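Some notes on the structure that comes next.
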Amino acid sequence: MQNYRTSAGTDTRLDYGMELVAGLQLFPETEGLAPDFEQLNTDLEQAHTARRALRAPMVKARVALRFANFTTDQAIRSCGKAAEIADGGRRGPIFNALFPKGVSPVVAPTGARQVKPTEALIDRMAASKHPAVVPFGAEWKPKLELALGKLTDAVAIHKAARETYDNAFRAEVALRDEHRRYVDRLLGETRAVFAGDRGRQDLVFPVIDDGGSGGGEEES
């Protein structure tokens with residue numbers, strides 16, 4: 001009889017736990033050990049289910065963030081192109097005032113990192129006193145602010161979804177660890193109850209396959 005490996009995922013631990021509960025219930029000498037461990041197995045199952053339910057919102061928020069990033073980039077590129085056109089088809093005073101290092105450094109960041117360069121572009125547009133930039137900014141500043149607002153909302157929603165998921169995963173991992181410690185405890189108690197009786201000891205505990213009870217650690 002042996003415990004599952006430390007890297008086992010939740011599904012493996014739950015299957016092992018259900019089988020161990022049934023094994024403990026086979027004998028009067030060990031059935032009293034089953035209820036507390038069965039409750040722990042149920043707690044782990046509920047934590048696992050709760051965490052999995054949070055994965056879809058996190059993934060959807062990640063996709064929404066990518067889209068908001070894309071639309072912000074499109075607005076910035078369009079602004080850059082419009083600045084060139086306003087400068088007479090080349091990079092002149094309007095473009096240089098708004099994109100001193102070109103468009104690429106503004107659109108290169110992704111996700112939450114896109115917010116600051118976009119804010120800086122809008123700030124340059126608002127602060128410029130160049131007579132050609134002022135009317136250009138009156139047209140383009142609201143467009144960029146609209147894109148930035150959607151981006152910051154998407155960043156906040158994704159961050160909240162990710163944090164909620166990560167917190168649920170940490171709670172699940174804590175129960176995983178407790179689950180394995182409890183199995184170690186039951187190993188010792190069962191050996192003591194059936195001292196020298198390897199047959200009953202092995203019957204109570206699940207058989208570990210050659211792969212070490214399968215199932216690698218799940219990612220967060």
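Letters A, B, ... go to the chains of the structure tokens in the order shown; residues in each chain start at 1; ligands are counted from 1 in the same order.
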Quick one: everything within 10 Å of Arg124 of chain A, counting only C-alpha atoms, minus sequence neighbours fewer than 2 positions away in the same chain. Send it as a list in words.
-> Ala97, Leu98, Phe99, Pro100, Thr118, Glu119, Ala120, Leu121, Ile122, Ala126, Ala127, Ser128, Lys129, Val133 and Gly137 of chain A
Report as an mmCIF file with C-alpha atoms, in the first residue's frame all protein, DNA and RNA residues lying within 6 Å of segment 42-55 of chain A, evaluated on only C-alpha atoms, omitting residues in the same chain fewer than 6 positions from it.
data_model
loop_
_atom_site.group_PDB
_atom_site.id
_atom_site.type_symbol
_atom_site.label_atom_id
_atom_site.label_comp_id
_atom_site.auth_asym_id
_atom_site.auth_seq_id
_atom_site.Cartn_x
_atom_site.Cartn_y
_atom_site.Cartn_z
ATOM 1 C CA TYR A 165 -9.190 32.028 -10.640
ATOM 2 C CA ALA A 168 -9.478 29.471 -6.202
ATOM 3 C CA GLU A 172 -7.598 23.887 -4.205
ATOM 4 C CA LEU A 175 -6.687 21.023 -0.023
#
Counting only C-alpha atoms, the residue of A:Ala174, A:Val204, A:Leu14, A:Met125 that sits nearest Leu186 of chain A |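 Of the candidates, the smallest distance to Leu186 of chain A is held by A:Val204.
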Skip Ile157 of chain A itself and residues of its chain fewer than 6 positions away, then list as a ChimeraX atom specification all residues within 9 Å of it, counting only C-alpha atoms.
-> /A:58,61-62,65
File of the preceding selection, C-alpha atoms, as a PDB file, in the first residue's frame:
ATOM      1  CA  MET A  58     -10.975  34.039 -17.363  1.00  0.00           C
ATOM      2  CA  ALA A  61     -11.746  37.957 -20.532  1.00  0.00           C
ATOM      3  CA  ARG A  62      -8.350  37.154 -22.051  1.00  0.00           C
ATOM      4  CA  LEU A  65      -8.434  41.939 -23.797  1.00  0.00           C
TER       5      LEU A  65
END
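Using only C-alpha atoms, the nearest neighbour of Gly92 of chain A within the list A:Arg176, A:Tyr16, A:Gly80, A:Phe67 is A:Gly80.
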Selection near His179 of chain A, 9 Å with only C-alpha atoms, sequence-local residues under 5 positions removed, as a list in words = Arg13, Gly17, Phe37, Leu40, Asn41, Leu44, Ala174 and Asp184 of chain A
Write down as a PyMOL selection string the residues belonging to segment 7-188 of chain A that are assigned alpha helix (DSSP H) by DSSP computed on the backbone.
-> chain A and resi 10-24+28-31+34-53+55-86+93-98+104-107+115-127+133-188
Across A:Gly102, A:Thr30, A:Cys79, A:Leu20, the smallest distance to Asn3 of chain A, with only C-alpha atoms counted, is shown by A:Leu20
With only C-alpha atoms as the basis for distance, which of A:Pro109, A:Ile85, A:Val173, A:Arg66 is at the shortest distance from His158 of chain A?
->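 Result for the nearest residue to His158 of chain A: A:Arg66.
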One decimal, Å: what's the distance from atom CA of Lys150 of chain A over to atom CA of Ala68 of chain A, could you say?
->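 Between these atoms lies a distance of 6.3 Å.
Going from atom CA of Val21 of chain A over to atom CA of Arg191 of chain A, you cover 15.8 Å.
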